[in-house]
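A.B. asks: Structure provided below as structure tokens; questions to follow.
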Amino acid sequence: MSKITVIVPCYNEESTLHFFYEEMQRVAAQMAENTFEYLFVDDGSKDGTMQVIRELRAKDERVTYVSFSRNFGKEAAIYAGLTHASGDYVAIMDADLQDPPALLPEMYRAVAQEGYDSAATRRVTRKGEPPIRSFFARRFYALMNRISDVELMDGARDYRLMNRQYVNALLDMQEYNRFSKGLFGWVGFRIKWIEFENVERVAGETKWSFWKLFKYSLDGIVAFSSTPLYISSILGASMCGVGGAAILFIVIRQLLFGGSAYGWPSMVCIMILIGGLQLLCLGILGLYLSKAYLEVKRRPIYIAREAQTEKTPEQAAR
């Protein structure tokens, strides 16, 4: 009999947790040959999320939890869940049921019987999403696959089932700036992709605004590609070449025809263009430098205010 730990990152999910628990109960009944652990990671919620988790724990000992001292973000919640998971197999899914628990039996067969190390999911439709958000999401995946050595599947979710070897490989990467979608691909192993149509939230509202998703995409680009640094270098060299050619052209025209070195508006436009490119390149360099600065400080990825898990503190601190 194998044990499956289901990691559920939660941030203000009070309205969804009971729906999630009931759905997982139905799936667990279908997979009666396995034992389950429901590991909820409360990411500093400001509503009654933690109270609901304690209520679930009181009636079901399979429910365990880790509660953060503040909001550290979903990436930290995923890492904390992986750290405290005690199962032979580990799944990650959202509490809002946009990751259908009904797919879990198929994912388990892929890993336990078909020889895959991980069964991952991807959405084949984005029904219900704002068109502008879907457009930029597709462009992000296309861009990442061009500039990074790590393949990112379009529509990929964090929802996946992994064996213990795969989980341990993820835990070996203790970097502070985490981008799980890239880490899942970077570790390699055999992955089976399972497709499903987009499912809307069962209750509540999404916590991911367009601005948060934009910042998250920048984190992914910086974490898994140095191409922006090359682009800034090429831009700098190109502008030097263009500037040198323009100066040479003006000097020659002045010597041949005279009166051609005047015209302050064109000079101002050139200065603004070059200044803008300099700021862009400095911004790119600063972004990489800031990530390196956060890494060398070696702050903990998360701080737990309260925890009730099946792993001892020594096991969790591996």
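Convention: chains lettered A, B, ... in structure tokens order; per-chain residue numbering from 1; ligands numbered from 1 as shown.
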Would you mind listing what lies within 9 Å of Val124 of chain A as a count of residues only, with only C-alpha atoms counted and same-chain residues fewer than 6 positions away left out?
C.D. replies: 6
A.B. asks: Would you kindly return, as a PyMOL selection string, each protein, DNA or RNA residue with an atom no farther than 6 Å from any atom of Asp117 of chain A, considering only C-alpha atoms and excluding same-chain residues fewer than 6 positions away?
C.D. replies: chain A and resi 111+162-163+190
A.B. asks: Enter the distance from atom CA of Ala304 of chain A to atom CA of Ala77 of chain A, in Å, rounded to one decimal.
C.D. replies: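 Taking atom CA of Ala304 of chain A as the start and atom CA of Ala77 of chain A as the end point, the length is 10.2 Å.
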A.B. asks: Which of these residues is nearest to Thr5 of chain A, using only C-alpha atoms: A:Asn71, A:Ser45, A:Gln113, A:Thr83?
C.D. replies: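 Of A:Asn71, A:Ser45, A:Gln113, A:Thr83, the one nearest Thr5 of chain A is A:Thr83, counting only C-alpha atoms.
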A.B. asks: If you count only C-alpha atoms, which residues fall within 12 Å of Glu106 of chain A, apart from same-chain ones fewer than 3 positions away, as a list in words?
C.D. replies: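 Result of the neighbour search: Val27, Gln30, Met31, Pro100, Pro101, Ala102, Leu103, Arg109, Ala110, Val111, Ala112, Gln113, Glu114, Tyr116, Ser118, Ala119, Ala120, Thr121, Arg160, Leu161, Lys192, Trp193, Ile194 and Glu195 of chain A.
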A.B. asks: I'd like the neighbourhood of Glu61 of chain A as a JSON list (two decimals) with N, CA and C atoms, in the first residue's frame, where a residue qualifies if any of its atoms comes within 12 Å (using only C-alpha atoms), though same-chain residues fewer than 5 positions away should be ignored.
C.D. replies:
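Below is the file that was written, out.json:
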```json
[["chain", "number", "residue", "atom", "x", "y", "z"],
["A", 35, "THR", "N", -3.12, 5.02, 0.85],
["A", 35, "THR", "CA", -3.44, 5.91, 1.96],
["A", 35, "THR", "C", -3.11, 7.34, 1.55],
["A", 36, "PHE", "N", -3.81, 8.28, 2.16],
["A", 36, "PHE", "CA", -3.65, 9.68, 1.77],
["A", 36, "PHE", "C", -3.24, 10.53, 2.96],
["A", 37, "GLU", "N", -2.51, 11.60, 2.63],
["A", 37, "GLU", "CA", -2.23, 12.69, 3.56],
["A", 37, "GLU", "C", -2.58, 13.99, 2.85],
["A", 38, "TYR", "N", -3.43, 14.80, 3.46],
["A", 38, "TYR", "CA", -3.79, 16.10, 2.91],
["A", 38, "TYR", "C", -2.98, 17.16, 3.64],
["A", 39, "LEU", "N", -1.98, 17.70, 2.97],
["A", 39, "LEU", "CA", -1.07, 18.67, 3.59],
["A", 39, "LEU", "C", -1.41, 20.07, 3.10],
["A", 53, "ILE", "N", -9.02, 24.70, 8.28],
["A", 53, "ILE", "CA", -8.05, 23.61, 8.26],
["A", 53, "ILE", "C", -8.02, 22.88, 9.60],
["A", 54, "ARG", "N", -8.07, 23.63, 10.69],
["A", 54, "ARG", "CA", -8.10, 22.99, 12.01],
["A", 54, "ARG", "C", -9.37, 22.16, 12.19],
["A", 55, "GLU", "N", -10.50, 22.64, 11.69],
["A", 55, "GLU", "CA", -11.74, 21.87, 11.76],
["A", 55, "GLU", "C", -11.62, 20.56, 10.99],
["A", 56, "LEU", "N", -11.03, 20.61, 9.82],
["A", 56, "LEU", "CA", -10.82, 19.40, 9.04],
["A", 56, "LEU", "C", -9.87, 18.45, 9.76],
["A", 308, "GLN", "N", 1.56, 21.02, 11.88],
["A", 308, "GLN", "CA", 1.09, 19.71, 12.34],
["A", 308, "GLN", "C", 1.24, 18.75, 11.19],
["A", 309, "THR", "N", 2.39, 18.08, 11.12],
["A", 309, "THR", "CA", 2.69, 17.20, 10.00],
["A", 309, "THR", "C", 3.15, 15.85, 10.52],
["A", 310, "GLU", "N", 3.32, 14.91, 9.59],
["A", 310, "GLU", "CA", 3.73, 13.56, 9.97],
["A", 310, "GLU", "C", 5.23, 13.38, 9.94]]
```
A.B. asks: When you draw a straight line from atom CA of Arg26 of chain A to atom CA of Gln165 of chain A, how long is it in Å?
C.D. replies: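 Computing it gives 27.8 Å between the two atoms.
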A.B. asks: Please determine, counting only C-alpha atoms, which residue among A:Gly188, A:Pro228, A:Gly286, A:Pro300 has the shortest atom-to-atom distance to Val167 of chain A.
C.D. replies: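 With only C-alpha atoms as the atom set, the closest residue is A:Gly188.
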A.B. asks: For the atom pair atom CA of Lys59 of chain A and atom CA of Ala85 of chain A, what is the interatomic distance in Å to one decimal place?
C.D. replies: 20.2 Å
A.B. asks: Could you pull out the residues in segment 5-67 of chain A that DSSP calls alpha helix (DSSP H) from the backbone, as a list in words?
C.D. replies: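 Taking segment 5-67 of chain A and keeping alpha helix (DSSP H) gives Leu17, His18, Phe19, Phe20, Tyr21, Glu22, Glu23, Met24, Gln25, Arg26, Val27, Ala28, Ala29, Gln30, Thr49, Met50, Gln51, Val52, Ile53, Arg54, Glu55, Leu56, Arg57, Ala58 and Lys59 of chain A.
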A.B. asks: Extract, using only C-alpha atoms, all DNA, RNA and protein residues at most 8 Å from Gly81 of chain A, discarding same-chain residues fewer than 6 positions from it, and format them as a ChimeraX atom specification.
C.D. replies: /A:7-9,39-41,66
A.B. asks: Write to file, as a PDB file, in the first residue's frame, the residues of the selection just made, with all heavy atoms.
C.D. replies:
```pdb
ATOM      1  N   ILE A   7      -0.341  18.086  -1.543  1.00  0.00           N
ATOM      2  CA  ILE A   7       0.037  19.415  -1.053  1.00  0.00           C
ATOM      3  C   ILE A   7      -0.943  20.431  -1.613  1.00  0.00           C
ATOM      4  O   ILE A   7      -1.172  20.502  -2.820  1.00  0.00           O
ATOM      5  CB  ILE A   7       1.473  19.768  -1.478  1.00  0.00           C
ATOM      6  CG1 ILE A   7       2.466  18.760  -0.901  1.00  0.00           C
ATOM      7  CG2 ILE A   7       1.837  21.180  -1.047  1.00  0.00           C
ATOM      8  CD1 ILE A   7       3.867  18.909  -1.469  1.00  0.00           C
ATOM      9  N   VAL A   8      -1.498  21.252  -0.708  1.00  0.00           N
ATOM     10  CA  VAL A   8      -2.509  22.234  -1.121  1.00  0.00           C
ATOM     11  C   VAL A   8      -2.093  23.620  -0.622  1.00  0.00           C
ATOM     12  O   VAL A   8      -2.344  23.964   0.541  1.00  0.00           O
ATOM     13  CB  VAL A   8      -3.901  21.873  -0.559  1.00  0.00           C
ATOM     14  CG1 VAL A   8      -4.975  22.764  -1.198  1.00  0.00           C
ATOM     15  CG2 VAL A   8      -4.221  20.406  -0.771  1.00  0.00           C
ATOM     16  N   PRO A   9      -1.425  24.439  -1.460  1.00  0.00           N
ATOM     17  CA  PRO A   9      -1.114  25.807  -1.050  1.00  0.00           C
ATOM     18  C   PRO A   9      -2.412  26.609  -0.905  1.00  0.00           C
ATOM     19  O   PRO A   9      -3.294  26.545  -1.765  1.00  0.00           O
ATOM     20  CB  PRO A   9      -0.264  26.349  -2.207  1.00  0.00           C
ATOM     21  CG  PRO A   9       0.208  25.125  -2.945  1.00  0.00           C
ATOM     22  CD  PRO A   9      -0.888  24.128  -2.784  1.00  0.00           C
ATOM     23  N   LEU A  39      -1.984  17.705   2.968  1.00  0.00           N
ATOM     24  CA  LEU A  39      -1.071  18.665   3.589  1.00  0.00           C
ATOM     25  C   LEU A  39      -1.412  20.074   3.105  1.00  0.00           C
ATOM     26  O   LEU A  39      -1.067  20.467   1.991  1.00  0.00           O
ATOM     27  CB  LEU A  39       0.381  18.312   3.247  1.00  0.00           C
ATOM     28  CG  LEU A  39       1.479  19.262   3.738  1.00  0.00           C
ATOM     29  CD1 LEU A  39       1.355  19.540   5.222  1.00  0.00           C
ATOM     30  CD2 LEU A  39       2.852  18.696   3.409  1.00  0.00           C
ATOM     31  N   PHE A  40      -2.114  20.834   3.939  1.00  0.00           N
ATOM     32  CA  PHE A  40      -2.483  22.206   3.609  1.00  0.00           C
ATOM     33  C   PHE A  40      -1.381  23.148   4.072  1.00  0.00           C
ATOM     34  O   PHE A  40      -0.918  23.065   5.211  1.00  0.00           O
ATOM     35  CB  PHE A  40      -3.802  22.583   4.286  1.00  0.00           C
ATOM     36  CG  PHE A  40      -4.991  21.808   3.790  1.00  0.00           C
ATOM     37  CD1 PHE A  40      -5.397  20.650   4.442  1.00  0.00           C
ATOM     38  CD2 PHE A  40      -5.690  22.230   2.675  1.00  0.00           C
ATOM     39  CE1 PHE A  40      -6.495  19.931   3.993  1.00  0.00           C
ATOM     40  CE2 PHE A  40      -6.779  21.511   2.209  1.00  0.00           C
ATOM     41  CZ  PHE A  40      -7.184  20.356   2.868  1.00  0.00           C
ATOM     42  N   VAL A  41      -0.975  24.060   3.185  1.00  0.00           N
ATOM     43  CA  VAL A  41       0.044  25.056   3.526  1.00  0.00           C
ATOM     44  C   VAL A  41      -0.623  26.421   3.505  1.00  0.00           C
ATOM     45  O   VAL A  41      -0.963  26.947   2.436  1.00  0.00           O
ATOM     46  CB  VAL A  41       1.232  25.023   2.545  1.00  0.00           C
ATOM     47  CG1 VAL A  41       2.298  26.025   2.980  1.00  0.00           C
ATOM     48  CG2 VAL A  41       1.825  23.620   2.463  1.00  0.00           C
ATOM     49  N   VAL A  66       0.830  23.234   7.538  1.00  0.00           N
ATOM     50  CA  VAL A  66       1.908  24.147   7.897  1.00  0.00           C
ATOM     51  C   VAL A  66       1.344  25.549   7.721  1.00  0.00           C
ATOM     52  O   VAL A  66       0.754  25.855   6.684  1.00  0.00           O
ATOM     53  CB  VAL A  66       3.154  23.969   7.005  1.00  0.00           C
ATOM     54  CG1 VAL A  66       4.224  24.999   7.372  1.00  0.00           C
ATOM     55  CG2 VAL A  66       3.705  22.559   7.110  1.00  0.00           C
TER      56      VAL A  66
END
```
A.B. asks: Thr49 of chain A: which residues within 7 Å, counting only C-alpha atoms, same-chain residues fewer than 2 positions away excluded, as an MDAnalysis selection string?
C.D. replies: chainID A and resid 12:14 45 47 51:53
A.B. asks: I need the residues from that last selection saved to file as a PDB file, in the first residue's frame (with N, CA and C atoms), if you can.
C.D. replies:
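For reference, out.pdb as written:
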```pdb
ATOM      1  N   ASN A  12      -6.116  32.702   1.565  1.00  0.00           N
ATOM      2  CA  ASN A  12      -7.489  33.205   1.624  1.00  0.00           C
ATOM      3  C   ASN A  12      -8.448  32.286   0.854  1.00  0.00           C
ATOM      4  N   GLU A  13      -8.411  31.003   1.200  1.00  0.00           N
ATOM      5  CA  GLU A  13      -9.250  30.008   0.521  1.00  0.00           C
ATOM      6  C   GLU A  13     -10.319  29.438   1.450  1.00  0.00           C
ATOM      7  N   GLU A  14     -10.784  30.236   2.388  1.00  0.00           N
ATOM      8  CA  GLU A  14     -11.798  29.773   3.339  1.00  0.00           C
ATOM      9  C   GLU A  14     -13.031  29.224   2.630  1.00  0.00           C
ATOM     10  N   SER A  45      -2.750  33.497   5.300  1.00  0.00           N
ATOM     11  CA  SER A  45      -4.109  33.938   4.958  1.00  0.00           C
ATOM     12  C   SER A  45      -4.646  34.931   5.980  1.00  0.00           C
ATOM     13  N   ASP A  47      -8.095  35.501   6.115  1.00  0.00           N
ATOM     14  CA  ASP A  47      -9.477  35.147   6.400  1.00  0.00           C
ATOM     15  C   ASP A  47      -9.504  33.948   7.350  1.00  0.00           C
ATOM     16  N   GLN A  51      -8.686  28.393  10.360  1.00  0.00           N
ATOM     17  CA  GLN A  51      -9.734  27.828  11.203  1.00  0.00           C
ATOM     18  C   GLN A  51     -10.401  26.638  10.529  1.00  0.00           C
ATOM     19  N   VAL A  52     -10.661  26.754   9.233  1.00  0.00           N
ATOM     20  CA  VAL A  52     -11.263  25.636   8.488  1.00  0.00           C
ATOM     21  C   VAL A  52     -10.317  24.436   8.468  1.00  0.00           C
ATOM     22  N   ILE A  53      -9.019  24.703   8.281  1.00  0.00           N
ATOM     23  CA  ILE A  53      -8.045  23.608   8.258  1.00  0.00           C
ATOM     24  C   ILE A  53      -8.024  22.883   9.602  1.00  0.00           C
TER      25      ILE A  53
END
```
